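Student: Sharing work10.cif, mmCIF, C-alpha atoms and all ligand atoms:
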data_upload
loop_
_atom_site.label_atom_id
_atom_site.label_comp_id
_atom_site.auth_asym_id
_atom_site.auth_seq_id
_atom_site.Cartn_x
_atom_site.Cartn_y
_atom_site.Cartn_z
CA MET A 24 -38.89 45.70 9.64
CA SER A 25 -35.86 46.43 7.52
CA VAL A 26 -32.98 48.48 8.79
CA GLN A 27 -33.70 50.94 6.00
CA SER A 28 -37.28 51.51 7.00
CA THR A 29 -36.51 51.98 10.67
CA PHE A 30 -33.28 53.88 10.46
CA VAL A 31 -33.42 57.08 12.45
CA SER A 32 -30.43 59.35 12.26
CA GLN A 33 -31.69 62.73 13.31
CA ILE A 34 -33.35 63.05 16.68
CA LYS A 35 -33.21 66.75 17.33
CA ASN A 36 -35.39 69.47 18.74
CA THR A 37 -35.17 72.06 16.06
CA GLU A 38 -38.13 74.02 14.79
CA GLY A 39 -38.82 73.30 11.18
CA PHE A 40 -36.38 70.42 11.09
CA ARG A 41 -38.48 68.18 13.30
CA ASN A 42 -41.82 68.24 11.66
CA TYR A 43 -42.75 64.66 12.49
CA ALA A 44 -46.19 63.38 11.75
CA ALA A 45 -47.82 61.47 14.59
CA GLU A 46 -46.71 58.16 13.12
CA GLU A 47 -43.17 59.41 12.89
CA ARG A 48 -43.23 60.56 16.49
CA ALA A 49 -44.48 57.11 17.52
CA ARG A 50 -41.57 55.53 15.70
CA VAL A 51 -39.06 57.82 17.40
CA LYS A 52 -40.67 57.13 20.78
CA GLU A 53 -40.41 53.40 20.15
CA LEU A 54 -36.71 53.83 19.36
CA TYR A 55 -36.21 55.61 22.68
CA ARG A 56 -38.36 53.08 24.55
CA LEU A 57 -35.97 50.33 23.46
CA ASN A 58 -32.89 52.52 23.87
CA HIS A 59 -33.75 53.65 27.40
CA ALA A 60 -34.79 50.16 28.52
CA ASN A 61 -31.64 48.45 27.21
CA GLN A 62 -28.74 50.89 27.52
CA THR A 63 -27.40 49.71 30.86
CA LEU A 64 -23.83 50.05 32.13
CA GLU A 65 -23.42 46.32 31.57
CA PHE A 66 -24.63 46.60 27.96
CA VAL A 67 -22.28 49.51 27.24
CA LEU A 68 -19.26 47.67 28.69
CA ARG A 69 -20.16 44.59 26.67
CA LYS A 70 -20.37 46.57 23.40
CA LYS A 71 -17.11 48.40 24.14
CA ALA A 72 -15.42 45.02 24.63
CA GLU A 73 -17.04 43.58 21.50
CA TYR A 74 -16.05 46.44 19.20
CA GLY A 75 -12.99 47.80 20.98
CA ASP A 76 -10.51 45.50 19.24
CA LEU A 77 -11.59 46.73 15.79
CA ILE A 78 -11.67 43.32 14.17
CA LYS A 79 -14.95 43.68 12.25
CA ALA A 80 -13.50 44.98 9.00
CA GLU A 81 -10.57 46.63 7.19
CA MET A 82 -11.85 49.50 5.07
CA GLY A 83 -10.70 52.82 3.72
CA ILE A 84 -12.82 55.87 4.57
CA TRP A 85 -14.46 56.04 1.11
CA GLU A 86 -15.03 52.34 1.11
CA ALA A 87 -16.78 52.62 4.47
CA MET A 88 -18.76 55.57 3.19
CA GLU A 89 -19.99 53.58 0.21
CA PHE A 90 -20.79 50.67 2.50
CA LEU A 91 -22.75 53.00 4.77
CA ASN A 92 -24.56 54.44 1.78
CA THR A 93 -26.52 51.23 1.42
CA LEU A 94 -28.55 52.62 4.34
CA VAL A 95 -31.24 55.16 3.58
CA ASP A 96 -32.81 56.99 6.48
CA ASP A 97 -36.37 57.16 5.28
CA SER A 98 -37.69 57.82 8.76
CA ASP A 99 -36.18 61.29 8.67
CA PRO A 100 -39.03 63.45 7.37
CA ASP A 101 -36.86 66.42 6.49
CA ILE A 102 -35.53 65.30 3.16
CA ASP A 103 -34.78 62.26 1.12
CA LEU A 104 -31.01 62.01 1.20
CA THR A 105 -28.48 59.25 1.36
CA GLN A 106 -25.82 59.02 4.06
CA ILE A 107 -23.18 60.31 1.61
CA ASP A 108 -25.42 63.28 0.73
CA HIS A 109 -25.72 64.24 4.41
CA ALA A 110 -22.00 63.71 4.93
CA LEU A 111 -21.07 65.91 1.97
CA GLN A 112 -23.61 68.62 2.81
CA THR A 113 -22.26 68.83 6.36
CA ALA A 114 -18.64 68.94 5.16
CA GLU A 115 -19.37 71.48 2.42
CA ALA A 116 -21.13 73.82 4.84
CA ILE A 117 -18.07 73.68 7.12
CA ARG A 118 -15.75 74.22 4.16
CA GLN A 119 -17.73 77.24 2.96
CA ASP A 120 -17.31 78.88 6.37
CA GLY A 121 -13.53 78.65 6.02
CA HIS A 122 -12.85 76.18 8.83
CA PRO A 123 -9.64 74.07 9.02
CA ARG A 124 -9.28 70.93 6.95
CA TRP A 125 -9.62 68.56 9.93
CA PHE A 126 -12.96 70.24 10.74
CA ILE A 127 -14.21 69.65 7.17
CA LEU A 128 -13.11 66.02 7.37
CA THR A 129 -14.90 65.62 10.69
CA GLY A 130 -18.10 66.85 9.05
CA LEU A 131 -17.66 64.28 6.32
CA ILE A 132 -17.12 61.29 8.58
CA HIS A 133 -19.06 62.14 11.76
CA ASP A 134 -21.90 59.66 11.18
CA MET A 135 -19.86 56.82 9.75
CA GLY A 136 -20.15 54.87 12.98
CA LYS A 137 -23.63 54.02 11.73
CA VAL A 138 -22.02 51.11 9.92
CA LEU A 139 -22.89 49.42 13.22
CA CYS A 140 -26.33 48.91 11.66
CA LEU A 141 -24.69 46.94 8.87
CA PHE A 142 -22.83 44.87 11.46
CA GLY A 143 -26.24 43.82 12.74
CA GLU A 144 -26.81 46.21 15.63
CA PRO A 145 -30.41 47.32 16.22
CA GLN A 146 -30.98 51.00 15.63
CA TRP A 147 -31.58 51.71 19.32
CA ALA A 148 -27.92 50.74 19.85
CA VAL A 149 -26.69 52.99 17.02
CA VAL A 150 -28.61 56.26 16.80
CA GLY A 151 -30.46 58.73 19.01
CA ASP A 152 -29.23 61.06 21.73
CA THR A 153 -26.58 59.60 24.03
CA PHE A 154 -26.24 60.00 27.83
CA PRO A 155 -24.04 58.77 30.69
CA VAL A 156 -24.80 55.37 32.22
CA GLY A 157 -23.71 54.26 35.70
CA CYS A 158 -25.14 57.39 37.34
CA ALA A 159 -28.56 59.02 37.66
CA PHE A 160 -30.35 59.64 34.36
CA SER A 161 -30.71 63.39 34.01
CA GLU A 162 -34.17 64.90 33.56
CA LYS A 163 -32.64 66.68 30.58
CA ILE A 164 -32.50 63.43 28.58
CA VAL A 165 -35.20 63.10 25.91
CA TYR A 166 -38.05 60.76 27.02
CA GLN A 167 -36.56 60.53 30.51
CA GLU A 168 -39.74 58.81 31.74
CA LEU A 169 -38.90 55.76 29.60
CA PHE A 170 -35.95 54.84 31.87
CA GLU A 171 -38.34 53.07 34.24
CA ASP A 172 -37.80 49.87 32.28
CA ASN A 173 -34.00 50.10 32.55
CA PRO A 174 -32.61 47.69 35.19
CA ASP A 175 -30.03 50.32 36.19
CA TYR A 176 -32.90 52.57 37.20
CA ARG A 177 -33.55 50.26 40.16
CA ASN A 178 -29.87 49.88 41.09
CA PRO A 179 -29.28 52.41 43.89
CA SER A 180 -25.51 52.55 43.32
CA TYR A 181 -26.11 53.70 39.75
CA GLN A 182 -28.74 56.25 40.64
CA THR A 183 -26.90 58.75 42.79
CA LEU A 184 -25.88 61.99 41.11
CA SER A 185 -22.34 60.77 40.37
CA GLY A 186 -23.03 57.01 40.54
CA ILE A 187 -19.87 54.99 39.92
CA TYR A 188 -17.86 58.11 39.02
CA GLN A 189 -15.84 60.68 40.93
CA GLU A 190 -17.04 64.25 40.71
CA GLY A 191 -14.95 66.13 38.15
CA CYS A 192 -13.50 62.89 36.75
CA GLY A 193 -13.82 64.10 33.14
CA LEU A 194 -16.08 62.79 30.39
CA ASP A 195 -13.30 60.55 29.09
CA ASN A 196 -13.83 58.48 32.24
CA VAL A 197 -17.63 58.39 31.91
CA HIS A 198 -19.38 55.64 29.95
CA LEU A 199 -21.99 57.00 27.55
CA SER A 200 -24.82 54.96 26.08
CA TRP A 201 -23.49 52.88 23.18
CA GLY A 202 -23.93 54.12 19.64
CA HIS A 203 -22.29 55.44 16.48
CA ASP A 204 -20.44 58.28 18.28
CA GLU A 205 -18.39 56.12 20.63
CA TYR A 206 -17.75 53.51 17.97
CA LEU A 207 -16.40 55.95 15.39
CA TYR A 208 -14.29 57.62 18.08
CA THR A 209 -12.67 54.24 18.73
CA VAL A 210 -12.03 53.74 15.00
CA VAL A 211 -10.46 57.14 14.28
CA LYS A 212 -8.85 58.15 17.58
CA ASN A 213 -5.28 57.66 16.35
CA TYR A 214 -5.72 59.80 13.26
CA LEU A 215 -7.45 63.09 14.11
CA PRO A 216 -6.79 66.07 16.42
CA GLN A 217 -8.44 66.19 19.86
CA GLU A 218 -11.06 68.72 18.80
CA ALA A 219 -12.23 66.46 15.98
CA LEU A 220 -12.37 63.47 18.31
CA TRP A 221 -14.57 65.38 20.72
CA MET A 222 -16.97 66.40 17.97
CA ILE A 223 -17.24 62.79 16.84
CA ARG A 224 -17.54 61.28 20.29
CA TYR A 225 -20.07 63.69 21.77
CA HIS A 226 -22.13 65.07 18.87
CA SER A 227 -25.20 63.02 19.91
CA CYS A 228 -24.81 63.83 23.60
CA TYR A 229 -27.45 66.56 23.62
CA PRO A 230 -27.97 66.38 27.41
CA VAL A 231 -24.34 67.49 27.79
CA HIS A 232 -23.62 69.82 24.86
CA ARG A 233 -27.02 71.47 24.61
CA GLU A 234 -28.76 71.02 27.98
CA GLY A 235 -25.76 71.58 30.24
CA ALA A 236 -26.40 68.40 32.27
CA TYR A 237 -23.66 66.38 34.02
CA GLU A 238 -21.39 69.35 34.62
CA HIS A 239 -20.47 67.77 37.97
CA LEU A 240 -18.64 65.00 36.12
CA MET A 241 -16.68 67.31 33.84
CA ASN A 242 -13.20 68.75 34.09
CA GLY A 243 -11.56 71.81 32.57
CA GLN A 244 -10.65 70.08 29.34
CA ASP A 245 -14.29 69.03 28.86
CA GLN A 246 -15.45 72.63 29.12
CA GLU A 247 -12.88 73.72 26.54
CA MET A 248 -13.56 70.89 24.12
CA LEU A 249 -17.34 71.16 24.36
CA LYS A 250 -17.00 74.53 22.66
CA TRP A 251 -15.91 72.60 19.57
CA VAL A 252 -18.78 70.15 19.86
CA ARG A 253 -21.17 73.11 20.01
CA ALA A 254 -19.44 74.75 17.04
CA PHE A 255 -19.97 71.58 15.03
CA ASN A 256 -23.61 71.01 15.97
CA PRO A 257 -25.27 73.61 13.65
CA TYR A 258 -23.56 72.06 10.64
CA ASP A 259 -25.00 68.67 11.54
CA LEU A 260 -28.46 70.15 12.12
CA TYR A 261 -28.87 72.85 9.51
CA SER A 262 -26.73 71.90 6.53
CA LYS A 263 -29.47 69.65 5.15
CA SER A 264 -31.12 70.64 1.95
CA ASP A 265 -32.80 68.92 -0.96
CA ALA A 266 -30.02 69.98 -3.32
CA ARG A 267 -27.88 66.89 -3.70
CA PRO A 268 -24.15 67.59 -3.60
CA ASN A 269 -22.35 66.85 -6.87
CA PHE A 270 -20.54 63.73 -5.81
CA ALA A 271 -18.30 63.40 -8.88
CA GLU A 272 -17.22 67.05 -8.72
CA LEU A 273 -16.42 66.95 -5.00
CA LYS A 274 -14.76 63.55 -4.83
CA PRO A 275 -11.18 64.63 -5.74
CA PHE A 276 -11.12 67.26 -2.97
CA TYR A 277 -12.35 64.79 -0.38
CA GLU A 278 -10.09 61.98 -1.53
CA GLU A 279 -7.10 64.24 -1.00
CA LEU A 280 -8.43 65.38 2.37
CA ILE A 281 -8.92 61.79 3.53
CA GLU A 282 -5.40 60.85 2.38
CA GLU A 283 -3.98 63.71 4.41
CA PHE A 284 -5.19 62.12 7.67
CA PHE A 285 -5.83 58.43 7.03
CA PRO A 286 -3.95 55.46 5.58
CA SER A 287 -5.63 53.67 2.69
CA LYS A 288 -7.22 51.09 5.03
CA ILE A 289 -8.13 51.34 8.69
CA ALA A 290 -9.47 48.82 11.18
CA TRP A 291 -13.20 48.86 12.01
FE FE B 301 -24.63 61.43 14.24
#
Can you present the structure in this file as structure tokens?

Tutor:
Amino acid sequence: MSVQSTFVSQIKNTEGFRNYAAEERARVKELYRLNHANQTLEFVLRKKAEYGDLIKAEMGIWEAMEFLNTLVDDSDPDIDLTQIDHALQTAEAIRQDGHPRWFILTGLIHDMGKVLCLFGEPQWAVVGDTFPVGCAFSEKIVYQELFEDNPDYRNPSYQTLSGIYQEGCGLDNVHLSWGHDEYLYTVVKNYLPQEALWMIRYHSCYPVHREGAYEHLMNGQDQEMLKWVRAFNPYDLYSKSDARPNFAELKPFYEELIEEFFPSKIAW
């Protein structure tokens, strides 16, 4: 199967925005079957080591966006949009609500870590909800029953409530399942304010930002910053529409915005 035909970017429980046909649900379940079986602590540490040095590419933000645009998520039943369309719709919705410029920029770039697909990563290691590894898998994680095939599930030291972590250690010290959130965070962490970095790093962590799981691992800063992740989430979920943003008209605004925060090339 091609990356294009299996690419799943939106795995969300939202009435009206999740109208999957049975076949679509089977495809999403298969994604999570692979994800939950393979996202072990060892896998996450290996991917962090592999991508942490940022030696895969040197690209500007627009360049990366155009690269990412070669992916079309045709498994998302909501609408038929490209990655740039979704990026611009998210950013424009944030802009229309009068939020700060870094917030608009975050909307624009939040899914750009999906270039992992173009670096050859399977979609189960790129998209879908994320969750902590190295401690018990919360019942709040989607398809929790599929963790039975994960080797960590049978490792007692990884299956206590806090596992390898100290209670209250802070999410920064917790390893989440590997995907586009953590990767993009690594790429942009020297360029954006803390709030933006939190939105990018945790936007797929629905067990934490929506379900309230793993509070025992959090600290005070997490509680403060998660407010921003929750403020961002509706723009990711509900800004989609069939009306394609006018790319040519919007490009000058976004080029200037990108230049305000990023050099012309960054390491990926
Ligand atoms: Fe995303």

Student: From the options A:Ser264, A:Ser227, A:Ser161, A:Asn196, which residue's atoms come nearest to ligand FE 301 (chain B), counting only C-alpha atoms and all ligand atoms?

Tutor: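 Of A:Ser264, A:Ser227, A:Ser161, A:Asn196, the one nearest ligand FE 301 (chain B) is A:Ser227, counting only C-alpha atoms and all ligand atoms.
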
Student: Do a neighbour search on Tyr74 of chain A at 10 Å with all atoms listed in the file, toss out local chain neighbours closer than 6 positions, and write the hits as number ranges by chain.

Tutor: A: 139, 206, 209-210, 291

Student: Check the smallest atom-to-atom distance from each of A:Met135, A:Val231, A:Ile78, A:Leu199 to ligand FE 301 (chain B) using all atoms listed in the file, then report the winner.

Tutor: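 That would be A:Met135, the residue with the smallest distance to ligand FE 301 (chain B).
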
Student: Determine the nearest neighbour of ligand FE 301 (chain B) from the options A:Lys250, A:Arg233, A:Lys79, A:His109, counting only C-alpha atoms and all ligand atoms.

Tutor: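 Residue with the minimum atom-to-atom distance to ligand FE 301 (chain B): A:His109.
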
Student: Mind working out the centre and edge lengths of an axis-aligned box for segment 220-237 of chain A, all listed atoms inside, 4 Å added to each side, rounded to one decimal in Å and written as JSON?

Tutor:
{"center_x": -20.6, "center_y": 66.4, "center_z": 25.4, "size_x": 24.4, "size_y": 18.3, "size_z": 25.2}

Student: When you look at segment 123-126 of chain A with a cut-off of 12 Å (counting only C-alpha atoms), what residues show up, excluding the ones that are within fewer than 2 positions of it in the same chain? I need them as JSON, numbers by chain.

Tutor: {"A": [113, 114, 115, 116, 117, 118, 119, 120, 121, 128, 129, 130, 131, 132, 133, 214, 215, 216, 217, 218, 219, 220, 221, 222, 223, 251, 252, 254, 255, 256, 258, 276, 277, 279, 280, 281, 282, 283, 284, 285]}

Student: When you draw a straight line from atom CA of Val150 of chain A to atom CA of Glu53 of chain A, how long is it in Å?

Tutor: 12.6 Å

Student: Any idea what the distance is between atom CA of Lys70 of chain A and atom CA of Glu205 of chain A?

Tutor: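 Answer for the atom CA of Lys70 of chain A to atom CA of Glu205 of chain A separation: 10.1 Å.
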
Student: Using only C-alpha atoms and all ligand atoms for the distances, tell me which of A:Ala87, A:Ile187, A:Ile127, A:Val138 is nearest to ligand FE 301 (chain B).

Tutor: A:Val138

Student: All residues within 10 Å of ligand FE 301 (chain B) are required, counting only C-alpha atoms and all ligand atoms; please report them as a ChimeraX atom specification.

Tutor: /A:31-34,110,130,132-137,149-152,202-204,207,222-228,256,259-260

Student: Of the candidates A:Gly75, A:Ile289, A:Trp147, A:His239, which one gets nearest to Val51 of chain A if we count only C-alpha atoms?

Tutor: A:Trp147

Student: Check the smallest atom-to-atom distance from each of A:Tyr229, A:Thr63, A:Phe142, A:Tyr237 to Glu190 of chain A using all atoms listed in the file, then report the winner.

Tutor: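 For Glu190 of chain A, the nearest of the given residues is A:Tyr237.
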
Student: Calculate how many Å separate atom CA of Lys274 of chain A from atom CA of Pro257 of chain A, rounding to one decimal.

Tutor: 23.5 Å

Student: Need the neighbours of (-35.7, 47.3, 33.3): which residues are at most 10 Å away, counting only C-alpha atoms, as a VMD selection string?

Tutor: chain A and resid 59 to 63 169 to 177

Student: Would you mind exporting C-alpha atoms of the selected residues as an mmCIF file, in the coordinates of the input?

Tutor:
data_model
loop_
_atom_site.group_PDB
_atom_site.id
_atom_site.type_symbol
_atom_site.label_atom_id
_atom_site.label_comp_id
_atom_site.auth_asym_id
_atom_site.auth_seq_id
_atom_site.Cartn_x
_atom_site.Cartn_y
_atom_site.Cartn_z
ATOM 1 C CA HIS A 59 -33.750 53.650 27.400
ATOM 2 C CA ALA A 60 -34.790 50.160 28.520
ATOM 3 C CA ASN A 61 -31.640 48.450 27.210
ATOM 4 C CA GLN A 62 -28.740 50.890 27.520
ATOM 5 C CA THR A 63 -27.400 49.710 30.860
ATOM 6 C CA LEU A 169 -38.900 55.760 29.600
ATOM 7 C CA PHE A 170 -35.950 54.840 31.870
ATOM 8 C CA GLU A 171 -38.340 53.070 34.240
ATOM 9 C CA ASP A 172 -37.800 49.870 32.280
ATOM 10 C CA ASN A 173 -34.000 50.100 32.550
ATOM 11 C CA PRO A 174 -32.610 47.690 35.190
ATOM 12 C CA ASP A 175 -30.030 50.320 36.190
ATOM 13 C CA TYR A 176 -32.900 52.570 37.200
ATOM 14 C CA ARG A 177 -33.550 50.260 40.160
#
